[in-house]
$ cat start-v9.tsv   # TSV, C-alpha atoms
chain	number	residue	atom	x	y	z
A	11	MET	CA	-44.23	28.83	-22.20
A	12	PHE	CA	-47.52	30.27	-23.44
A	13	SER	CA	-46.92	33.67	-21.95
A	14	GLY	CA	-44.67	34.62	-24.84
A	15	LEU	CA	-47.32	33.53	-27.31
A	16	PHE	CA	-49.98	35.38	-25.38
A	17	LYS	CA	-47.87	38.52	-25.31
A	18	ARG	CA	-47.65	38.51	-29.08
A	19	PHE	CA	-51.41	38.90	-29.34
A	20	THR	CA	-51.75	41.66	-26.79
A	21	THR	CA	-50.87	45.18	-27.74
A	22	GLN	CA	-50.21	46.38	-24.21
A	23	LYS	CA	-46.56	46.83	-23.41
A	24	PRO	CA	-45.41	45.22	-20.18
A	25	SER	CA	-45.28	47.79	-17.40
A	26	LYS	CA	-41.80	46.72	-16.40
A	27	ASP	CA	-40.49	48.26	-19.63
A	28	ASP	CA	-41.85	51.57	-18.41
A	29	ALA	CA	-40.22	51.03	-15.05
A	30	LYS	CA	-36.87	50.31	-16.62
A	31	LYS	CA	-36.95	53.29	-18.95
A	32	ARG	CA	-38.08	55.70	-16.27
A	33	LEU	CA	-35.40	54.41	-13.94
A	34	GLN	CA	-32.64	54.81	-16.47
A	35	PHE	CA	-33.58	58.43	-17.07
A	36	SER	CA	-34.12	59.31	-13.45
A	37	LEU	CA	-30.71	57.92	-12.51
A	38	ILE	CA	-29.09	60.17	-15.09
A	39	TYR	CA	-31.09	63.14	-13.89
A	40	ASP	CA	-30.19	62.40	-10.29
A	41	LYS	CA	-26.54	62.55	-11.14
A	42	LEU	CA	-26.94	65.77	-13.09
A	43	GLU	CA	-28.37	67.45	-10.05
A	44	VAL	CA	-25.21	69.37	-9.33
A	45	ASN	CA	-24.96	72.05	-6.71
A	46	ASP	CA	-24.19	75.68	-7.51
A	47	ALA	CA	-20.60	75.51	-6.32
A	48	THR	CA	-19.86	72.61	-8.67
A	49	LEU	CA	-21.47	74.43	-11.55
A	50	THR	CA	-19.51	77.62	-10.85
A	51	ASN	CA	-16.25	75.68	-10.62
A	52	LEU	CA	-17.01	73.83	-13.83
A	53	GLN	CA	-17.80	77.11	-15.57
A	54	GLN	CA	-14.55	78.66	-14.38
A	55	ASP	CA	-12.54	75.65	-15.59
A	56	ILE	CA	-14.21	75.70	-18.99
A	57	VAL	CA	-13.61	79.45	-19.31
A	58	ASP	CA	-9.94	78.93	-18.45
A	59	VAL	CA	-9.49	76.28	-21.12
A	60	ILE	CA	-11.37	78.13	-23.84
A	61	SER	CA	-9.60	81.39	-23.01
A	62	ARG	CA	-6.35	79.78	-24.02
A	63	TYR	CA	-7.58	79.64	-27.60
A	64	PHE	CA	-10.33	82.22	-27.92
A	65	GLU	CA	-11.14	85.53	-26.44
A	66	ILE	CA	-14.66	85.10	-25.15
A	67	ASP	CA	-17.29	87.34	-23.64
A	68	LYS	CA	-17.26	86.05	-20.10
A	69	ASP	CA	-20.35	87.99	-19.09
A	70	ALA	CA	-22.55	86.64	-21.84
A	71	LEU	CA	-21.80	82.98	-21.45
A	72	GLU	CA	-24.35	80.44	-20.31
A	73	LEU	CA	-23.90	77.00	-18.86
A	74	GLU	CA	-26.90	74.78	-18.44
A	75	VAL	CA	-28.03	71.22	-18.24
A	76	LYS	CA	-30.68	70.52	-20.85
A	77	ARG	CA	-33.00	67.60	-20.33
A	78	SER	CA	-35.36	66.15	-22.85
A	79	ASP	CA	-37.15	62.83	-23.05
A	80	ASP	CA	-34.24	60.75	-24.12
A	81	VAL	CA	-31.09	62.81	-23.85
A	82	SER	CA	-29.42	65.04	-21.34
A	83	ALA	CA	-26.82	67.51	-22.49
A	84	LEU	CA	-24.47	69.97	-20.95
A	85	VAL	CA	-24.79	73.13	-23.02
A	86	PHE	CA	-22.12	75.81	-22.89
A	87	ASN	CA	-22.91	78.86	-24.91
A	88	THR	CA	-20.47	81.71	-25.39
A	89	PRO	CA	-19.88	84.45	-27.95
A	90	ILE	CA	-16.35	84.34	-29.36
A	91	LEU	CA	-14.84	87.81	-29.61
A	92	GLN	CA	-11.53	86.96	-31.21
A	93	VAL	CA	-9.33	84.03	-32.02
A	94	LYS	CA	-6.10	84.19	-30.15
A	95	ARG	CA	-2.87	84.04	-32.06
A	96	LYS	CA	-1.16	80.82	-31.23
A	97	GLU	CA	2.15	81.32	-29.54
A	98	ALA	CA	5.06	79.62	-31.13
B	3	MET	CA	-5.94	35.34	10.36
B	4	GLU	CA	-7.96	38.53	10.49
B	5	GLY	CA	-11.68	38.40	9.77
B	6	LYS	CA	-13.72	40.30	7.24
B	7	ILE	CA	-16.32	42.99	7.73
B	8	ILE	CA	-19.26	42.89	5.34
B	9	VAL	CA	-21.75	45.74	5.41
B	10	VAL	CA	-25.33	45.12	4.25
B	11	THR	CA	-27.03	48.27	3.09
B	12	SER	CA	-29.83	49.47	0.79
B	13	GLY	CA	-30.67	53.14	1.03
B	14	LYS	CA	-34.38	52.45	1.06
B	15	GLY	CA	-35.91	50.86	4.11
B	16	GLY	CA	-38.10	47.79	4.09
B	17	VAL	CA	-36.38	45.90	1.28
B	18	GLY	CA	-35.20	43.04	3.46
B	19	LYS	CA	-31.85	44.24	4.78
B	20	THR	CA	-32.39	42.78	8.22
B	21	THR	CA	-33.56	39.46	6.83
B	22	ALA	CA	-30.57	39.36	4.50
B	23	THR	CA	-28.13	40.22	7.29
B	24	SER	CA	-29.44	37.65	9.74
B	25	SER	CA	-29.78	34.91	7.12
B	26	ILE	CA	-26.35	35.41	5.58
B	27	GLY	CA	-24.78	35.63	9.02
B	28	ALA	CA	-26.52	32.44	10.15
B	29	ALA	CA	-25.58	30.65	6.93
B	30	LEU	CA	-21.91	31.61	7.32
B	31	ALA	CA	-22.00	30.24	10.87
B	32	LEU	CA	-23.51	27.01	9.54
B	33	GLU	CA	-20.52	26.86	7.19
B	34	GLY	CA	-18.40	26.67	10.34
B	35	LYS	CA	-17.28	30.28	10.59
B	36	ARG	CA	-17.33	32.41	13.71
B	37	VAL	CA	-19.79	35.18	12.90
B	38	ALA	CA	-20.88	38.39	14.60
B	39	ILE	CA	-23.95	40.21	13.32
B	40	VAL	CA	-23.96	43.85	14.36
B	41	ASP	CA	-27.14	45.92	14.39
B	42	MET	CA	-26.07	49.44	13.45
B	43	ASP	CA	-29.58	50.86	13.44
B	44	ILE	CA	-29.17	52.79	16.68
B	45	GLY	CA	-32.51	53.77	18.17
B	46	LEU	CA	-34.53	51.41	15.96
B	47	ARG	CA	-33.13	47.98	16.66
B	48	ASN	CA	-34.72	45.02	14.94
B	49	LEU	CA	-32.21	42.24	14.46
B	50	ASP	CA	-32.73	41.04	18.02
B	51	VAL	CA	-36.44	40.29	17.52
B	52	VAL	CA	-35.95	38.89	14.03
B	53	MET	CA	-33.29	36.53	15.41
B	54	GLY	CA	-35.34	35.73	18.53
B	55	LEU	CA	-32.69	37.02	20.92
B	56	GLU	CA	-34.53	40.07	22.29
B	57	ASN	CA	-34.81	38.68	25.82
B	58	ARG	CA	-31.10	38.21	26.26
B	59	ILE	CA	-29.78	41.72	25.64
B	60	VAL	CA	-27.51	43.05	28.37
B	61	PHE	CA	-25.12	45.41	26.60
B	62	ASN	CA	-25.15	46.82	23.08
B	63	ILE	CA	-22.88	48.26	20.39
B	64	VAL	CA	-23.02	51.77	21.90
B	65	ASP	CA	-21.78	50.35	25.22
B	66	ILE	CA	-18.86	48.72	23.41
B	67	VAL	CA	-17.90	51.84	21.46
B	68	GLN	CA	-18.14	54.00	24.56
B	69	GLY	CA	-16.03	51.59	26.56
B	70	ARG	CA	-18.68	50.48	29.06
B	71	CYS	CA	-18.23	46.79	28.26
B	72	LYS	CA	-16.16	44.30	26.33
B	73	ILE	CA	-17.22	42.79	23.03
B	74	SER	CA	-17.66	39.41	24.68
B	75	GLN	CA	-20.09	40.90	27.20
B	76	ALA	CA	-22.36	42.42	24.55
B	77	ALA	CA	-22.29	39.60	22.01
B	78	ILE	CA	-25.30	37.32	22.47
B	79	ARG	CA	-24.60	33.72	21.53
B	80	ASP	CA	-27.28	32.04	19.42
B	81	ARG	CA	-28.28	28.74	21.03
B	82	ARG	CA	-29.47	27.11	17.81
B	83	ILE	CA	-26.53	27.86	15.56
B	84	GLU	CA	-23.04	27.40	16.84
B	85	ASN	CA	-20.58	30.28	16.44
B	86	LEU	CA	-23.32	32.82	15.68
B	87	PHE	CA	-23.39	35.99	17.76
B	88	LEU	CA	-25.52	39.13	17.75
B	89	ILE	CA	-24.32	42.51	18.92
B	90	PRO	CA	-27.56	44.47	19.30
B	91	ALA	CA	-28.14	48.16	18.73
B	92	SER	CA	-29.07	50.47	21.54
B	93	GLN	CA	-32.75	51.34	21.62
B	94	SER	CA	-32.59	54.51	23.71
B	95	ASP	CA	-29.84	56.48	21.97
B	96	ASN	CA	-29.95	58.17	18.61
B	97	LYS	CA	-27.57	57.66	15.70
B	98	ASP	CA	-25.34	60.58	16.64
B	99	VAL	CA	-23.97	58.97	19.80
B	100	LEU	CA	-21.49	56.96	17.74
B	101	THR	CA	-18.43	58.54	16.21
B	102	THR	CA	-16.86	57.19	13.06
B	103	SER	CA	-13.51	56.87	14.77
B	104	GLY	CA	-15.05	55.00	17.68
B	105	VAL	CA	-16.78	52.52	15.37
B	106	GLU	CA	-13.59	52.09	13.36
B	107	ARG	CA	-11.66	51.19	16.51
B	108	VAL	CA	-14.26	48.58	17.54
B	109	ALA	CA	-14.42	47.25	13.97
B	110	LYS	CA	-10.71	46.45	14.15
B	111	GLN	CA	-11.20	44.57	17.42
B	112	LEU	CA	-14.17	42.67	15.99
B	113	LYS	CA	-12.09	41.48	13.04
B	114	LYS	CA	-9.65	39.91	15.46
B	115	GLU	CA	-12.35	37.98	17.29
B	116	PHE	CA	-14.57	36.83	14.40
B	117	ASP	CA	-14.15	35.36	10.91
B	118	TYR	CA	-17.04	37.43	9.61
B	119	VAL	CA	-18.61	40.58	10.98
B	120	ILE	CA	-21.87	41.45	9.24
B	121	MET	CA	-22.96	45.05	9.73
B	122	ASP	CA	-26.65	45.76	9.28
B	123	SER	CA	-26.78	49.37	8.15
B	124	PRO	CA	-29.80	51.56	8.89
B	125	ALA	CA	-31.88	52.85	6.00
B	126	GLY	CA	-30.83	56.25	4.71
B	127	ILE	CA	-27.47	57.73	3.83
B	128	GLU	CA	-26.81	59.78	6.95
B	129	ARG	CA	-24.57	59.32	9.95
B	130	GLY	CA	-25.77	55.79	10.73
B	131	PHE	CA	-24.90	54.66	7.21
B	132	GLU	CA	-21.47	56.28	7.42
B	133	ASN	CA	-20.82	54.55	10.73
B	134	SER	CA	-21.76	51.13	9.43
B	135	ILE	CA	-19.46	51.28	6.39
B	136	VAL	CA	-16.41	52.74	8.10
B	137	GLY	CA	-14.52	49.52	8.72
B	138	ALA	CA	-16.06	47.44	5.93
B	139	ASN	CA	-14.00	45.24	3.62
B	140	GLU	CA	-16.95	44.27	1.45
B	141	ALA	CA	-20.40	45.66	0.80
B	142	LEU	CA	-23.72	44.12	-0.17
B	143	VAL	CA	-26.57	46.25	-1.47
B	144	VAL	CA	-30.08	44.85	-1.13
B	145	CYS	CA	-32.89	46.00	-3.39
B	146	THR	CA	-36.30	44.83	-4.52
B	147	PRO	CA	-37.36	44.99	-8.18
B	148	ASP	CA	-39.24	48.27	-7.94
B	149	VAL	CA	-38.34	51.75	-9.10
B	150	SER	CA	-37.87	53.35	-5.70
B	151	ALA	CA	-35.64	50.62	-4.28
B	152	VAL	CA	-33.50	50.50	-7.42
B	153	ARG	CA	-33.07	54.25	-7.49
B	154	ASP	CA	-32.01	54.35	-3.84
B	155	ALA	CA	-29.68	51.41	-4.45
B	156	ASP	CA	-28.00	53.42	-7.19
B	157	ARG	CA	-27.38	56.30	-4.81
B	158	VAL	CA	-25.91	53.99	-2.18
B	159	ILE	CA	-23.74	52.19	-4.75
B	160	GLY	CA	-22.31	55.58	-5.73
B	161	LEU	CA	-21.53	56.42	-2.11
B	162	LEU	CA	-19.87	53.04	-1.55
B	163	TYR	CA	-17.71	53.48	-4.64
B	164	SER	CA	-16.60	56.87	-3.35
B	165	ARG	CA	-15.37	55.05	-0.22
B	166	SER	CA	-13.42	52.58	-2.37
B	167	LEU	CA	-15.88	49.74	-1.75
B	168	THR	CA	-17.10	47.72	-4.73
B	169	PRO	CA	-20.53	46.50	-3.71
B	170	LYS	CA	-22.42	43.47	-4.94
B	171	LEU	CA	-26.16	43.36	-5.38
B	172	ILE	CA	-28.83	41.15	-3.85
B	173	VAL	CA	-32.16	41.38	-5.64
B	174	ASN	CA	-34.74	40.42	-3.05
B	175	ARG	CA	-38.45	39.47	-3.22
B	176	ILE	CA	-38.42	38.41	-6.84
B	177	GLU	CA	-41.82	37.12	-7.95
B	178	PRO	CA	-41.00	34.92	-10.96
B	179	ALA	CA	-44.60	34.72	-12.19
B	180	ARG	CA	-44.86	38.49	-12.33
B	181	VAL	CA	-41.45	38.79	-13.99
B	182	ALA	CA	-42.70	36.33	-16.63
B	183	ARG	CA	-45.82	38.45	-17.17
B	184	GLY	CA	-43.72	41.61	-17.58
B	185	GLU	CA	-45.19	43.17	-14.45
B	186	MET	CA	-41.94	43.16	-12.53
B	187	LEU	CA	-38.41	44.17	-13.44
B	188	SER	CA	-36.28	41.10	-14.05
B	189	HIS	CA	-32.92	40.79	-12.35
B	190	GLU	CA	-31.32	41.42	-15.75
B	191	ASP	CA	-33.18	44.74	-15.98
B	192	VAL	CA	-32.03	45.74	-12.52
B	193	LEU	CA	-28.43	44.76	-13.21
B	194	GLU	CA	-28.44	46.65	-16.49
B	195	VAL	CA	-29.76	49.80	-14.85
B	196	LEU	CA	-27.31	49.63	-11.95
B	197	SER	CA	-24.31	48.10	-13.76
B	198	ILE	CA	-23.13	46.13	-10.75
B	199	ASP	CA	-22.10	42.55	-10.01
B	200	LEU	CA	-24.58	40.16	-8.54
B	201	ALA	CA	-24.28	38.52	-5.12
B	202	GLY	CA	-27.52	36.58	-5.45
B	203	LEU	CA	-31.21	36.47	-6.28
B	204	VAL	CA	-33.81	35.86	-3.60
B	205	PRO	CA	-37.42	34.94	-4.35
B	206	MET	CA	-40.45	36.28	-2.50
B	207	ASP	CA	-41.09	33.75	0.24
B	208	GLU	CA	-43.83	33.41	2.84
B	209	HIS	CA	-41.42	31.72	5.20
B	210	VAL	CA	-39.63	35.03	5.80
B	211	LEU	CA	-42.55	36.53	7.73
B	212	ILE	CA	-43.28	33.27	9.50
B	213	SER	CA	-39.73	32.80	10.70
B	214	SER	CA	-39.57	36.39	11.92
B	215	ASN	CA	-42.87	35.85	13.76
B	216	THR	CA	-41.25	33.12	15.79
B	217	GLY	CA	-37.72	34.47	15.81
B	218	THR	CA	-36.23	31.38	14.21
B	219	PRO	CA	-33.46	31.52	11.61
B	220	LEU	CA	-34.78	31.33	8.06
B	221	VAL	CA	-31.81	29.26	6.95
B	222	LEU	CA	-32.86	26.44	9.30
B	223	GLN	CA	-36.19	26.09	7.44
B	224	ASN	CA	-35.30	23.61	4.77
B	225	GLU	CA	-38.34	24.30	2.64
B	226	SER	CA	-37.67	28.05	2.47
B	227	LYS	CA	-36.61	29.17	-0.99
B	228	ALA	CA	-35.33	32.50	0.32
B	229	GLY	CA	-33.35	30.69	3.01
B	230	HIS	CA	-31.84	28.48	0.32
B	231	ALA	CA	-30.88	31.54	-1.73
B	232	PHE	CA	-29.27	33.23	1.27
B	233	LYS	CA	-27.27	30.07	2.01
B	234	ARG	CA	-25.88	30.16	-1.51
B	235	ILE	CA	-25.01	33.85	-1.16
B	236	ALA	CA	-23.13	32.99	2.03
B	237	ARG	CA	-21.21	30.22	0.26
B	238	ARG	CA	-20.31	32.66	-2.50
B	239	LEU	CA	-18.99	35.13	0.07
B	240	ASN	CA	-17.12	32.34	1.83
B	241	GLY	CA	-14.74	31.42	-0.96
B	242	GLU	CA	-17.06	29.71	-3.46
B	243	ALA	CA	-17.18	32.75	-5.74
B	244	ASP	CA	-18.08	30.65	-8.78
B	245	LEU	CA	-21.15	29.00	-7.29
B	246	PRO	CA	-23.81	29.70	-9.96
B	247	VAL	CA	-26.58	32.17	-9.19
B	248	GLU	CA	-29.93	30.40	-9.33
B	249	VAL	CA	-32.68	32.38	-11.00
B	250	PRO	CA	-35.99	32.00	-9.16
B	251	THR	CA	-38.55	30.26	-11.38
B	252	HIS	CA	-42.29	29.89	-11.02
B	253	ASN	CA	-42.43	26.89	-13.24
B	254	THR	CA	-41.86	23.61	-11.48
B	255	SER	CA	-42.34	21.50	-14.56
B	256	MET	CA	-39.97	18.69	-15.44
B	257	TRP	CA	-38.44	20.74	-18.23
B	258	SER	CA	-37.52	23.72	-16.02
B	259	LYS	CA	-35.98	21.37	-13.48
B	260	ILE	CA	-33.92	19.74	-16.19
B	261	SER	CA	-32.79	23.02	-17.70
B	262	LYS	CA	-31.91	24.32	-14.23
B	263	THR	CA	-29.78	21.27	-13.58
B	264	PHE	CA	-27.90	21.85	-16.78
B	265	GLY	CA	-27.51	25.55	-16.07
B	266	PHE	CA	-29.48	26.80	-19.09
B	267	ASN	CA	-31.21	29.53	-17.15
B	268	LYS	CA	-28.29	30.81	-15.16
$ encode --input "start-v9.tsv" --output "structure tokens"
Amino acid sequence: MFSGLFKRFTTQKPSKDDAKKRLQFSLIYDKLEVNDATLTNLQQDIVDVISRYFEIDKDALELEVKRSDDVSALVFNTPILQVKRKEA
Amino acid sequence: MEGKIIVVTSGKGGVGKTTATSSIGAALALEGKRVAIVDMDIGLRNLDVVMGLENRIVFNIVDIVQGRCKISQAAIRDRRIENLFLIPASQSDNKDVLTTSGVERVAKQLKKEFDYVIMDSPAGIERGFENSIVGANEALVVCTPDVSAVRDADRVIGLLYSRSLTPKLIVNRIEPARVARGEMLSHEDVLEVLSIDLAGLVPMDEHVLISSNTGTPLVLQNESKAGHAFKRIARRLNGEADLPVEVPTHNTSMWSKISKTFGFNK
């Protein structure tokens, strides 16, 4: 009952909050640890889809998983050479 | 009617898988079910000593799978709890002697002879793990409230899902006083991180070591809080799905007892 009151007067954050936060991030990272074959397949699929709409420079494209403190993002970077004319 | 196979697994070792397996198995037998506990940790058997049956081993699970004996010859009957049987692991082989198809065949036979078959999976996610989940109908994942156990539990949960098993979680060795001080992840934290359903919460309990010292079933020790929690998990598995999960508390004041009775701290 008094532990809540006590906590209010201490500035130290409970260590379990650290544990929880670190766990949440590491679980995401663990799942992002994809093998090369998966990454190559994913890249090929993305290229196929984008190529339907744009002509892209397939040699210059980059696919990477970016990790920062609180977000993880899949970044696909490609120069667009030309917009394809949509077929009727 | 055909029985059910429940696999108990964890990924990380030393989180209380063997204690959970033996206690839940014993509790289900106390509920009047015919139960076989199978030690799938080939080469590193432990359930026999924990259950106090180490002097009565004749055959083991490898002998059954390889056709050297019948199930009834390998299953050791517990003399204290009726309808409780242990099928021990082999101590001399390694995990690769069992094939998935062989285990699957025996699993089907076991379901015909028992109401519940509890498989104690080895730590890790290799062959031994694969073998222990092959015939499973249900899965329980055991973890303790620490970062390494939770992370490994997540990995195992993912693997179970990929085998079309929807596991439930047992959070073991909860120390309520430390949870209250913010030094230990609460079960809510663990559940939020893992997004999984709960099978039960088990407090840290000195009786666990003591009962394994003597090889006596934890669930027969009436004063054991962990034993009590395992009994409730067994009841939940055995048809009482709505039996409330009791949250371990460190406070034994009148007020906490009252609020517990009324289900405020479910």
$ interface_residues --input "start-v9.tsv" --of "chain B" --to "chain A" --cutoff "7 Å" --atoms "only C-alpha atoms" --output "list in words"
Val149, Arg153, Arg183, Gly184, Glu185, Met186, Leu187, Asp191 and Val195 of chain B
$ atom_distance --input "start-v9.tsv" --atom1 "atom CA of B:Met42" --atom2 "atom CA of B:Gly241"
25.7 Å
$ residues_near_point --input "start-v9.tsv" --point "(-22.8, 59.1, 14.5)" --cutoff "7 Å" --atoms "all atoms listed in the file" --output "PyMOL selection string"
chain B and resi 97-102+129-130+133
$ residues_around --input "start-v9.tsv" --residues "B:Gly5" --least-positions-apart "4" --cutoff "7 Å" --atoms "only C-alpha atoms" --output "ChimeraX atom specification"
/B:113-114,116-118
$ atom_distance --input "start-v9.tsv" --atom1 "atom CA of B:Val152" --atom2 "atom CA of B:Pro246"
23.1 Å
$ atom_distance --input "start-v9.tsv" --atom1 "atom CA of A:Lys94" --atom2 "atom CA of A:Thr50"
24.4 Å
$ closest_residue --input "start-v9.tsv" --among "B:Lys14, B:Ala38, B:Met53, B:Gly45" --to "B:Ser214" --atoms "all atoms listed in the file"
B:Met53
$ residues_around --input "start-v9.tsv" --residues "B:Ile159" --least-positions-apart "5" --cutoff "9 Å" --atoms "all atoms listed in the file" --output "MDAnalysis selection string"
chainID B and resid 12 143 154 164 167:170 196 198
$ closest_residue --input "start-v9.tsv" --among "B:Thr11, B:Ser150, B:Ser94, B:Thr216" --to "B:Ser134" --atoms "only C-alpha atoms"
B:Thr11
$ residues_around --input "start-v9.tsv" --residues "B:Pro147" --least-positions-apart "3" --cutoff "8 Å" --atoms "only C-alpha atoms" --output "CSV table (one decimal) with C-alpha atoms, in the frame of the given file"
chain,number,residue,atom,x,y,z
B,151,ALA,CA,-35.6,50.6,-4.3
B,152,VAL,CA,-33.5,50.5,-7.4
B,173,VAL,CA,-32.2,41.4,-5.6
B,174,ASN,CA,-34.7,40.4,-3.0
B,175,ARG,CA,-38.4,39.5,-3.2
B,176,ILE,CA,-38.4,38.4,-6.8
B,186,MET,CA,-41.9,43.2,-12.5
B,187,LEU,CA,-38.4,44.2,-13.4
B,188,SER,CA,-36.3,41.1,-14.0
B,189,HIS,CA,-32.9,40.8,-12.4
B,192,VAL,CA,-32.0,45.7,-12.5
$ closest_residue --input "start-v9.tsv" --among "A:Glu65, A:Asp46, A:Asp55, A:Glu74" --to "A:Ile90" --atoms "all atoms listed in the file"
A:Glu65
$ closest_residue --input "start-v9.tsv" --among "A:Gln53, A:Thr48, A:Gln22, A:Ser61" --to "A:Val85" --atoms "all atoms listed in the file"
A:Gln53
$ residues_around --input "start-v9.tsv" --residues "B:Val119" --least-positions-apart "2" --cutoff "9 Å" --atoms "all atoms listed in the file" --output "ChimeraX atom specification"
/B:5-9,27,36-40,109,112-113,116-117,121,138
$ residues_around --input "start-v9.tsv" --residues "B:Ser213" --least-positions-apart "4" --cutoff "10 Å" --atoms "only C-alpha atoms" --output "list in words"
Thr21, Val52, Met53, Gly54, Glu208, His209, Gly217, Thr218, Pro219, Leu220, Val221, Leu222, Gln223 and Ser226 of chain B
